[in-house]
Amino acid sequence: MNSFIFILGRLVEFYKSKYINALQSGLFEEKVVRARQILKDCTACPRRCHVNRLQDEIGECRTGYHPVISSFFPHFGEEAPLVGNHGSGTIFIAGCNLRCLFCQNYDTSHLLEGRTTEITQFSNMMLKLQKMGCHNINIVTPSHIVPQLIEALKYAAEDGLTIPLVYNSSGYDSLESLRLLDGLVDIYMPDFKFFHNKRAARYTAVPDYATIARKAIREMHRQVGDLVIKGGIARRGLLIRHLVMPGMLEDSKQIFEFIVKEISPDTYLNIMPQYRPTGEARFYKEISNALPYSDFRKALELAYTSGLQRLDKNF
Ligand code: SF4
């Protein structure tokens, strides 16, 4: 009987979203204090602008204290284990610290289309999505608003939010912010775009994407482990996305090998075929056409050959 209660307890613990523990243990309070300190001399992301965002000073992400949110809705186009029957409760944050010139959400990421939003409105969006039946709260492009996300999550948890939190980023995340998120995020879903800084620097606004993303993804995996799916729905863990780029299969190969050796061969990976030349990509000849389907097939083969078996079948 005692062991039955023990196992039941462990199961209940497992299914509880991580931030519920933070709420019950009082951990949120110190995280919110630290988050506000970070904003005062902003080092929320690796760009380390040192502006006072509590006073609405603007750094590279061009976002002051209040996040700009472009939309929120149950999303049925995400990976199947996030979507289930009722959708992934997606909140699109405008602005970006990485700014890929080929971004497929250019209006949102580069042009900041969206509404400046109070933190309490941000938390209310989470609660509305839960009420709609969504399986999770999926924050898209959060790297530059981690402190505000922590504050909004605290209010939402106090008001009854219980579903898993998905952190859906470019991978250009600071270790300091990720450590602040430790114990709050259930599912990390980073992109892993380029394996080499030089190539990344040509197509993004930063010189060190690959170095930062490798460290960030290691830290994410340390916190949540491999993706755990129960009843078809993702509960906890790491899900990596990789967009295959024209003429860059060598980068894809090195990314897959890195994941196997340094993260885990059981990593859940979504290899995405949908590259097309949006944003400013038409000015760069080598990426000015859509990805040939043969390149995508080749990328899948490379992933299997490197030892990855948990590939998303959304293609
Ligand atoms: S979050 Fe924005 S202001 Fe802060 S360091 Fe990053 S780019 Fe700069």
# chains A, B, ... in the order shown; residues from 1 in each chain; ligands from 1
>>> select_by_dssp(residues="stretch 71-163 of chain A", states="helix (DSSP H, G or I)", output="PyMOL selection string")
chain A and resi 80-83+106-109+119-131+143-158
>>> residues_near_ligand(ligand="ligand 1", cutoff="9 Å", atoms="only C-alpha atoms and all ligand atoms", output="PDB file with C-alpha atoms, in the first residue's frame")
ATOM      1  CA  ILE A  38      18.318  41.934 -15.124  1.00  0.00           C
ATOM      2  CA  LEU A  39      15.943  44.304 -16.911  1.00  0.00           C
ATOM      3  CA  ASP A  41      20.741  46.835 -16.827  1.00  0.00           C
ATOM      4  CA  CYS A  42      19.558  44.529 -19.548  1.00  0.00           C
ATOM      5  CA  THR A  43      21.494  41.315 -20.035  1.00  0.00           C
ATOM      6  CA  ALA A  44      18.375  39.234 -20.633  1.00  0.00           C
ATOM      7  CA  CYS A  45      19.892  37.856 -23.827  1.00  0.00           C
ATOM      8  CA  PRO A  46      23.415  37.372 -25.194  1.00  0.00           C
ATOM      9  CA  ARG A  47      23.410  40.817 -26.817  1.00  0.00           C
ATOM     10  CA  ARG A  48      23.900  42.394 -23.367  1.00  0.00           C
ATOM     11  CA  CYS A  49      22.782  45.926 -24.235  1.00  0.00           C
ATOM     12  CA  HIS A  50      22.936  47.243 -20.623  1.00  0.00           C
ATOM     13  CA  VAL A  51      19.918  49.504 -21.074  1.00  0.00           C
ATOM     14  CA  ASN A  52      17.358  50.154 -18.349  1.00  0.00           C
ATOM     15  CA  ARG A  53      14.224  48.525 -19.686  1.00  0.00           C
ATOM     16  CA  GLU A  57      15.092  52.253 -22.647  1.00  0.00           C
ATOM     17  CA  ILE A  58      15.485  50.348 -25.897  1.00  0.00           C
ATOM     18  CA  GLY A  59      18.258  47.932 -26.866  1.00  0.00           C
ATOM     19  CA  GLU A  60      18.822  45.746 -29.913  1.00  0.00           C
ATOM     20  CA  CYS A  61      15.470  43.985 -29.534  1.00  0.00           C
ATOM     21  CA  ARG A  62      13.686  47.375 -29.572  1.00  0.00           C
ATOM     22  CA  THR A  63      11.380  46.274 -26.765  1.00  0.00           C
ATOM     23  CA  GLY A  64      11.034  48.307 -23.590  1.00  0.00           C
ATOM     24  CA  GLY A  95      10.695  41.661 -31.959  1.00  0.00           C
ATOM     25  CA  CYS A  96      13.727  39.401 -31.931  1.00  0.00           C
ATOM     26  CA  ASN A  97      17.311  39.491 -30.714  1.00  0.00           C
ATOM     27  CA  LEU A  98      18.604  37.361 -33.623  1.00  0.00           C
ATOM     28  CA  SER A 143      14.508  35.283 -25.598  1.00  0.00           C
ATOM     29  CA  HIS A 144      14.288  39.058 -25.183  1.00  0.00           C
ATOM     30  CA  ILE A 145      11.366  39.034 -22.746  1.00  0.00           C
ATOM     31  CA  VAL A 146      12.356  36.272 -20.312  1.00  0.00           C
ATOM     32  CA  ASP A 173      19.449  32.484 -25.317  1.00  0.00           C
ATOM     33  CA  SER A 174      21.653  33.581 -22.439  1.00  0.00           C
TER      34      SER A 174
END
>>> closest_residue(among="A:Ile263, A:Leu308, A:Val166, A:Val244", to="A:Arg276", atoms="only C-alpha atoms")
A:Val244
>>> residues_around(residues="A:Arg235", least_positions_apart="6", cutoff="10 Å", atoms="only C-alpha atoms", output="PDB file with C-alpha atoms, in the first residue's frame")
ATOM      1  CA  PHE A  14       5.510  14.159 -12.892  1.00  0.00           C
ATOM      2  CA  TYR A  15       2.279  15.418 -14.463  1.00  0.00           C
ATOM      3  CA  LYS A  16       2.385  18.683 -12.539  1.00  0.00           C
ATOM      4  CA  SER A  17       3.799  21.557 -14.558  1.00  0.00           C
ATOM      5  CA  PRO A  81       2.663  16.109 -29.638  1.00  0.00           C
ATOM      6  CA  LEU A  82       2.081  19.809 -28.879  1.00  0.00           C
ATOM      7  CA  HIS A 135      -2.601  21.442 -24.160  1.00  0.00           C
ATOM      8  CA  ASN A 136       0.171  23.903 -23.344  1.00  0.00           C
ATOM      9  CA  ILE A 163      -0.787  23.350 -18.303  1.00  0.00           C
ATOM     10  CA  PRO A 164       2.861  22.890 -19.427  1.00  0.00           C
ATOM     11  CA  LEU A 165       4.916  25.874 -20.524  1.00  0.00           C
ATOM     12  CA  VAL A 166       6.739  25.619 -23.870  1.00  0.00           C
ATOM     13  CA  ASP A 186       8.380  22.129 -19.003  1.00  0.00           C
ATOM     14  CA  ILE A 187       9.278  21.910 -22.685  1.00  0.00           C
ATOM     15  CA  LEU A 227      11.022  14.717 -24.660  1.00  0.00           C
ATOM     16  CA  VAL A 228       8.450  12.645 -22.763  1.00  0.00           C
ATOM     17  CA  ILE A 229       5.158  12.034 -24.574  1.00  0.00           C
TER      18      ILE A 229
END
>>> residues_around(residues="A:Ala205", least_positions_apart="4", cutoff="7 Å", atoms="only C-alpha atoms", output="ChimeraX atom specification")
/A:98-100,201
>>> write_last_selection(atoms="N, CA, C and O atoms", output="mmCIF file, in the first residue's frame")
data_model
loop_
_atom_site.group_PDB
_atom_site.id
_atom_site.type_symbol
_atom_site.label_atom_id
_atom_site.label_comp_id
_atom_site.auth_asym_id
_atom_site.auth_seq_id
_atom_site.Cartn_x
_atom_site.Cartn_y
_atom_site.Cartn_z
ATOM 1 N N LEU A 98 17.750 38.040 -32.639
ATOM 2 C CA LEU A 98 18.604 37.361 -33.623
ATOM 3 C C LEU A 98 18.408 37.936 -35.032
ATOM 4 O O LEU A 98 19.372 38.163 -35.749
ATOM 5 N N ARG A 99 17.165 38.134 -35.393
ATOM 6 C CA ARG A 99 16.775 38.761 -36.662
ATOM 7 C C ARG A 99 17.418 38.126 -37.903
ATOM 8 O O ARG A 99 18.212 38.748 -38.620
ATOM 9 N N CYS A 100 17.050 36.888 -38.163
ATOM 10 C CA CYS A 100 17.475 36.231 -39.402
ATOM 11 C C CYS A 100 16.885 37.026 -40.568
ATOM 12 O O CYS A 100 15.696 37.358 -40.553
ATOM 13 N N ALA A 201 26.541 34.481 -39.093
ATOM 14 C CA ALA A 201 26.734 35.938 -39.094
ATOM 15 C C ALA A 201 26.308 36.555 -40.429
ATOM 16 O O ALA A 201 25.902 37.711 -40.486
#
>>> closest_residue(among="A:Ala303, A:Leu243, A:Met126, A:Leu178", to="A:Cys103", atoms="only C-alpha atoms")
A:Leu243
>>> closest_residue(among="A:Tyr167, A:Tyr284, A:Tyr275, A:Phe195", to="A:Gly237", atoms="only C-alpha atoms")
A:Tyr167
>>> closest_residue(among="A:Lys198, A:Lys131, A:Arg241, A:Lys261", to="A:Ser169", atoms="only C-alpha atoms")
A:Arg241
>>> atom_distance(atom1="atom CA of A:Leu149", atom2="atom CA of A:Ser25")
18.9 Å
